[in-house]
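Okay, entry-v1.tsv now, which holds TSV, C-alpha atoms:
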chain	number	residue	atom	x	y	z
A	1	MET	CA	50.86	16.43	-19.09
A	2	GLN	CA	54.64	16.73	-19.01
A	3	PRO	CA	56.26	14.10	-16.79
A	4	LEU	CA	57.86	15.47	-13.61
A	5	VAL	CA	61.64	15.19	-13.47
A	6	SER	CA	63.38	15.12	-10.08
A	7	ILE	CA	66.91	16.55	-10.09
A	8	ILE	CA	68.89	15.30	-7.08
A	9	ILE	CA	71.99	17.21	-5.97
A	10	PRO	CA	74.00	15.34	-3.30
A	11	VAL	CA	76.47	17.62	-1.58
A	12	TYR	CA	79.13	17.42	1.11
A	13	ASN	CA	81.11	20.59	1.89
A	14	GLY	CA	80.34	22.02	-1.54
A	15	GLU	CA	80.30	25.74	-0.78
A	16	ASN	CA	82.60	26.62	-3.71
A	17	PHE	CA	80.36	25.45	-6.57
A	18	LEU	CA	76.98	24.46	-5.11
A	19	ALA	CA	75.15	27.66	-6.05
A	20	GLN	CA	76.21	27.28	-9.70
A	21	ALA	CA	74.95	23.69	-9.73
A	22	ILE	CA	71.60	24.66	-8.22
A	23	GLU	CA	71.17	27.55	-10.65
A	24	SER	CA	71.87	25.26	-13.61
A	25	ALA	CA	69.15	22.90	-12.38
A	26	LEU	CA	66.61	25.67	-11.80
A	27	ASN	CA	67.34	27.24	-15.20
A	28	GLN	CA	66.36	24.22	-17.27
A	29	THR	CA	64.28	24.92	-20.37
A	30	TYR	CA	62.08	21.96	-19.39
A	31	PRO	CA	59.50	23.36	-16.96
A	32	SER	CA	58.25	20.33	-15.02
A	33	ILE	CA	61.07	19.78	-12.53
A	34	GLU	CA	61.74	19.61	-8.82
A	35	VAL	CA	65.22	20.13	-7.35
A	36	LEU	CA	66.18	18.17	-4.23
A	37	VAL	CA	69.45	19.14	-2.54
A	38	VAL	CA	70.69	16.48	-0.12
A	39	ASP	CA	73.20	17.83	2.40
A	40	ASP	CA	75.29	14.84	3.46
A	41	GLY	CA	76.38	16.27	6.82
A	42	SER	CA	78.36	19.29	5.54
A	43	THR	CA	80.49	21.31	7.97
A	44	ASP	CA	81.13	24.38	5.77
A	45	SER	CA	78.61	27.01	4.60
A	46	THR	CA	76.69	24.54	2.41
A	47	ARG	CA	73.63	24.68	4.69
A	48	GLU	CA	73.44	28.47	4.45
A	49	ILE	CA	73.61	28.30	0.66
A	50	ILE	CA	70.79	25.77	0.59
A	51	HIS	CA	68.66	27.90	2.93
A	52	SER	CA	69.10	30.91	0.64
A	53	TYR	CA	67.03	29.20	-2.08
A	54	ARG	CA	64.02	28.90	0.23
A	55	SER	CA	61.02	27.34	-1.53
A	56	ARG	CA	62.73	27.09	-4.94
A	57	ILE	CA	64.31	23.77	-3.93
A	58	ILE	CA	63.57	20.88	-1.57
A	59	PRO	CA	66.29	20.67	1.11
A	60	ILE	CA	67.11	17.34	2.73
A	61	TRP	CA	69.45	16.98	5.70
A	62	LYS	CA	71.23	13.78	6.71
A	63	GLU	CA	74.31	12.55	8.55
A	64	ASN	CA	77.40	11.97	6.43
A	65	GLY	CA	77.20	8.63	4.69
A	66	GLY	CA	78.65	9.13	1.22
A	67	VAL	CA	77.29	10.03	-2.19
A	68	ALA	CA	75.43	6.74	-2.72
A	69	SER	CA	73.48	7.17	0.51
A	70	ALA	CA	72.69	10.80	-0.32
A	71	LEU	CA	71.43	9.84	-3.77
A	72	ASN	CA	69.31	7.05	-2.32
A	73	VAL	CA	67.67	9.37	0.19
A	74	GLY	CA	66.92	11.80	-2.64
A	75	ILE	CA	65.46	9.06	-4.86
A	76	GLN	CA	63.25	7.82	-2.02
A	77	GLN	CA	61.84	11.32	-1.45
A	78	ALA	CA	61.59	12.35	-5.11
A	79	ARG	CA	58.16	12.57	-6.72
A	80	GLY	CA	59.27	12.54	-10.35
A	81	GLU	CA	58.67	9.92	-13.01
A	82	TYR	CA	62.28	10.49	-14.07
A	83	ILE	CA	65.37	10.94	-11.89
A	84	ALA	CA	68.46	13.02	-12.73
A	85	TRP	CA	71.66	13.27	-10.70
A	86	LEU	CA	73.72	16.46	-10.54
A	87	SER	CA	76.97	16.58	-8.56
A	88	HIS	CA	77.49	19.81	-6.64
A	89	ASP	CA	80.57	20.69	-8.72
A	90	ASP	CA	78.95	20.06	-12.12
A	91	MET	CA	76.39	22.07	-14.11
A	92	PHE	CA	73.57	21.05	-16.40
A	93	LEU	CA	73.45	22.77	-19.76
A	94	PRO	CA	70.07	24.58	-20.01
A	95	TYR	CA	68.49	22.10	-22.46
A	96	LYS	CA	69.72	18.93	-20.71
A	97	ILE	CA	66.42	17.67	-19.30
A	98	GLU	CA	64.38	18.84	-22.30
A	99	ARG	CA	66.56	16.90	-24.75
A	100	GLN	CA	66.31	13.74	-22.67
A	101	VAL	CA	62.55	13.87	-22.14
A	102	GLU	CA	62.19	14.37	-25.91
A	103	PHE	CA	64.38	11.29	-26.40
A	104	PHE	CA	62.08	9.20	-24.22
A	105	ILE	CA	58.98	10.48	-26.04
A	106	ARG	CA	60.53	9.48	-29.39
A	107	ASN	CA	61.81	6.17	-28.00
A	108	PRO	CA	59.19	4.87	-25.55
A	109	SER	CA	60.91	1.50	-25.11
A	110	TYR	CA	63.87	3.18	-23.37
A	111	HIS	CA	64.01	3.89	-19.63
A	112	PHE	CA	67.61	5.14	-19.32
A	113	CYS	CA	69.64	7.59	-21.40
A	114	TYR	CA	72.97	9.41	-21.18
A	115	GLY	CA	75.13	11.74	-23.24
A	116	ASN	CA	78.42	13.59	-23.61
A	117	TYR	CA	79.98	16.19	-21.32
A	118	ILE	CA	82.27	19.20	-21.49
A	119	VAL	CA	85.19	19.53	-19.08
A	120	VAL	CA	85.69	23.08	-17.78
A	121	ASP	CA	88.07	24.72	-15.33
A	122	GLU	CA	87.03	26.40	-12.06
A	123	LYS	CA	86.16	29.58	-13.98
A	124	GLY	CA	83.88	27.76	-16.40
A	125	THR	CA	86.26	27.94	-19.36
A	126	LYS	CA	85.80	25.03	-21.75
A	127	LEU	CA	88.79	22.71	-21.93
A	128	TYR	CA	87.50	19.81	-24.05
A	129	GLU	CA	84.46	17.63	-24.76
A	130	VAL	CA	84.24	13.95	-23.87
A	131	LYS	CA	82.08	11.88	-26.23
A	132	SER	CA	80.55	8.60	-25.18
A	133	SER	CA	79.18	5.86	-27.42
A	134	GLN	CA	76.08	3.72	-27.99
A	135	LEU	CA	76.50	0.21	-26.65
A	136	SER	CA	73.99	-2.40	-25.57
A	137	GLY	CA	73.70	-5.69	-23.75
A	138	TYR	CA	76.89	-7.58	-22.99
A	139	LYS	CA	79.07	-5.06	-24.84
A	140	ALA	CA	77.76	-2.25	-22.64
A	141	ARG	CA	78.47	-4.19	-19.45
A	142	GLN	CA	81.93	-5.18	-20.66
A	143	GLN	CA	82.85	-1.58	-21.52
A	144	LEU	CA	81.48	-0.28	-18.21
A	145	LEU	CA	83.90	-2.58	-16.39
A	146	ILE	CA	86.78	-1.35	-18.54
A	147	SER	CA	86.21	2.41	-18.69
A	148	SER	CA	82.95	3.38	-16.96
A	149	TYR	CA	82.06	5.32	-20.12
A	150	ILE	CA	78.76	6.72	-18.78
A	151	HIS	CA	79.06	9.93	-16.73
A	152	GLY	CA	76.43	9.71	-14.00
A	153	CYS	CA	75.35	13.33	-14.25
A	154	THR	CA	74.49	12.97	-17.94
A	155	THR	CA	71.89	10.30	-17.17
A	156	LEU	CA	68.12	10.51	-16.94
A	157	ILE	CA	66.52	7.41	-15.46
A	158	HIS	CA	62.90	6.30	-15.31
A	159	ARG	CA	61.71	5.36	-11.85
A	160	ASN	CA	60.93	1.87	-13.14
A	161	CYS	CA	64.66	1.14	-13.28
A	162	PHE	CA	65.08	1.62	-9.52
A	163	GLU	CA	61.96	-0.40	-8.81
A	164	LYS	CA	63.36	-3.21	-10.95
A	165	VAL	CA	67.03	-3.36	-9.85
A	166	GLY	CA	67.19	-1.38	-6.58
A	167	LEU	CA	69.09	1.74	-5.55
A	168	PHE	CA	72.79	2.65	-5.45
A	169	ASN	CA	74.96	0.21	-3.45
A	170	GLU	CA	76.07	2.22	-0.41
A	171	LYS	CA	78.91	-0.22	0.28
A	172	LEU	CA	80.69	0.97	-2.88
A	173	PRO	CA	82.29	4.37	-2.19
A	174	HIS	CA	83.58	5.04	-5.74
A	175	THR	CA	81.94	2.67	-8.24
A	176	GLN	CA	78.31	2.85	-7.10
A	177	ASP	CA	77.28	4.38	-10.42
A	178	THR	CA	78.98	1.76	-12.62
A	179	ASP	CA	77.44	-0.99	-10.51
A	180	LEU	CA	73.95	0.47	-10.99
A	181	TRP	CA	74.37	0.99	-14.74
A	182	ILE	CA	75.42	-2.65	-15.12
A	183	ARG	CA	72.37	-3.84	-13.18
A	184	ILE	CA	70.07	-1.62	-15.23
A	185	SER	CA	71.65	-2.80	-18.52
A	186	GLU	CA	70.68	-6.37	-17.68
A	187	HIS	CA	67.01	-5.39	-18.04
A	188	TYR	CA	66.90	-2.21	-20.16
A	189	GLU	CA	68.64	-0.80	-23.22
A	190	LEU	CA	70.89	2.20	-22.49
A	191	GLY	CA	69.91	5.09	-24.75
A	192	TYR	CA	72.58	7.49	-25.97
A	193	ILE	CA	72.23	11.14	-27.00
A	194	ASN	CA	75.26	12.27	-29.01
A	195	GLU	CA	75.31	15.76	-27.54
A	196	ALA	CA	77.00	17.49	-24.61
A	197	LEU	CA	74.53	17.70	-21.72
A	198	ILE	CA	76.60	18.91	-18.77
A	199	LEU	CA	79.67	20.93	-17.80

Taking this structure as input, can you express it in the form of structure tokens?
Amino acid sequence: MQPLVSIIIPVYNGENFLAQAIESALNQTYPSIEVLVVDDGSTDSTREIIHSYRSRIIPIWKENGGVASALNVGIQQARGEYIAWLSHDDMFLPYKIERQVEFFIRNPSYHFCYGNYIVVDEKGTKLYEVKSSQLSGYKARQQLLISSYIHGCTTLIHRNCFEKVGLFNEKLPHTQDTDLWIRISEHYELGYINEALIL
């Protein structure tokens, strides 16, 4: 049995790039996925785009409350053993989830992993790659406070992490991801895949 991975796409007024994000989630080489798109009270054509995917995704509607609240609603409704986050203006590379599930199979003591990312322009043209690094314990927490070196959309997180440390802090409008990674790092090692996983 392949573990189910829940890909959560929080979106607010994301009509320009949302379809590309959804397609990148649906086109993963790893087959056991569900895609939840959380509309955080959009006022543009986001809702129509979501409706166009019909049963291929799980739509969730909520009043505007910010990305942390949208992610939390998605996590609470997700069925997967693992949780992935995809911003509406980013794209997963096709092998992203497959590589990370393989990492967890090879390293069963890990519950959290992340990787590198490629920066592209609005047309999808590659500009440059950003490489992260493998850090653990106090050094990881120290570096997170300095540079927030983990890109949230490169992560794959076992559900146990949320059960242990809680969800995203909705009172933090910009650093909710760094806060969560620090809390997770106090209990779990942060696994690193030295490979680009997202655009």

A:Ile7, A:Leu127, A:Ile157, A:Val38: which is nearest Ala68 (chain A), counting all atoms listed in the file?
-> A:Val38

Please, what distance in Å, to one decimal, runs between CA of Glu129 (chain A) and CA of Ala196 (chain A)?
->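 Interatomic distance, CA of Glu129 (chain A) to CA of Ala196 (chain A): 7.5 Å.
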
Selection as a PyMOL selection string: residues within 12 Å of (61.9, 3.1, -12.3), counting only C-alpha atoms = chain A and resi 75-76+78-84+110-112+156-167+184+187-188

Can you tell me, as a VMD selection string, what residues are no more than 8 Å from Asp40 (chain A) when counting all atoms listed in the file, ignoring any on the same chain fewer than 4 positions away?
-> chain A and resid 10 to 12 61 to 67 70

Could you pull the residues within 8 Å of Tyr30 (chain A), counting all atoms listed in the file, minus those fewer than 6 positions along the same chain, as a list in words?
->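 These residues fall inside the cut-off: Tyr95, Ile97 and Glu98 of chain A.
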
Å distance separating CA of Ile9 (chain A) from CA of Ala21 (chain A), one decimal place | 8.1 Å

Top pick for closest residue to Asn16 (chain A), considering A:Arg106, A:His88, A:Lys96, A:Lys126 and counting only C-alpha atoms | A:His88

Around all of region 44-60 of chain A's listed atoms, make the axis-aligned box with 3 Å on each side and tell me centre and edge lengths in Å to one decimal, as JSON.
{"center_x": 71.1, "center_y": 24.1, "center_z": 0.4, "size_x": 26.1, "size_y": 19.6, "size_z": 16.7}

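When the distance limit is 10 Å and all atoms listed in the file are what count, the residues near Trp181 (chain A), minus those fewer than 5 positions from it on the same chain, are Phe112, Ala140, Arg141, Leu144, Ser148, Ile150, Gly152, Thr155, Cys161, Val165, Phe168, Gln176, Glu186, Tyr188 and Leu190 of chain A.
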
Have a look at A:Thr178, A:Asp89, A:Ser109, A:Tyr192 and name the one nearest to Lys131 (chain A); count only C-alpha atoms.
->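 Using only C-alpha atoms, Lys131 (chain A) sits closest to A:Tyr192.
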
Length of the CA of His151 (chain A) to CA of Pro59 (chain A) vector [Å] = 24.4 Å

Which residues are close to Lys139 (chain A), i.e. within 12 Å by only C-alpha atoms, leaving aside same-chain residues fewer than 3 positions away? Reply as a tab-separated table (two decimals) with C-alpha atoms, in the frame of the given file.
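Result file follows (selection.tsv):
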chain	number	residue	atom	x	y	z
A	133	SER	CA	79.18	5.86	-27.42
A	134	GLN	CA	76.08	3.72	-27.99
A	135	LEU	CA	76.50	0.21	-26.65
A	136	SER	CA	73.99	-2.40	-25.57
A	142	GLN	CA	81.93	-5.18	-20.66
A	143	GLN	CA	82.85	-1.58	-21.52
A	144	LEU	CA	81.48	-0.28	-18.21
A	145	LEU	CA	83.90	-2.58	-16.39
A	146	ILE	CA	86.78	-1.35	-18.54
A	149	TYR	CA	82.06	5.32	-20.12
A	182	ILE	CA	75.42	-2.65	-15.12
A	185	SER	CA	71.65	-2.80	-18.52
A	186	GLU	CA	70.68	-6.37	-17.68
A	189	GLU	CA	68.64	-0.80	-23.22
A	190	LEU	CA	70.89	2.20	-22.49

Between A:Gly41, A:Gly137, A:Glu122, A:Asp90, which has the minimum distance to Ser69 (chain A) (counting only C-alpha atoms)?
-> A:Gly41

Rank nothing, just name the residue among A:Ile57, A:Val119, A:Leu71, A:Leu199 nearest to Ile8 (chain A), using all atoms listed in the file.
->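 Closest candidate: A:Leu71.
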
Counting all atoms listed in the file, the residue among A:Arg99, A:Asn72, A:Tyr53, A:Lys123 that lies closest to Asp177 (chain A) is A:Asn72

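Omitting Ile60 (chain A) and its sequence neighbours fewer than 2 positions away, and counting all atoms listed in the file, the residues within 8 Å are A:Leu36, A:Val37, A:Val38, A:Asp39, A:Ile58, A:Lys62, A:Gly74.
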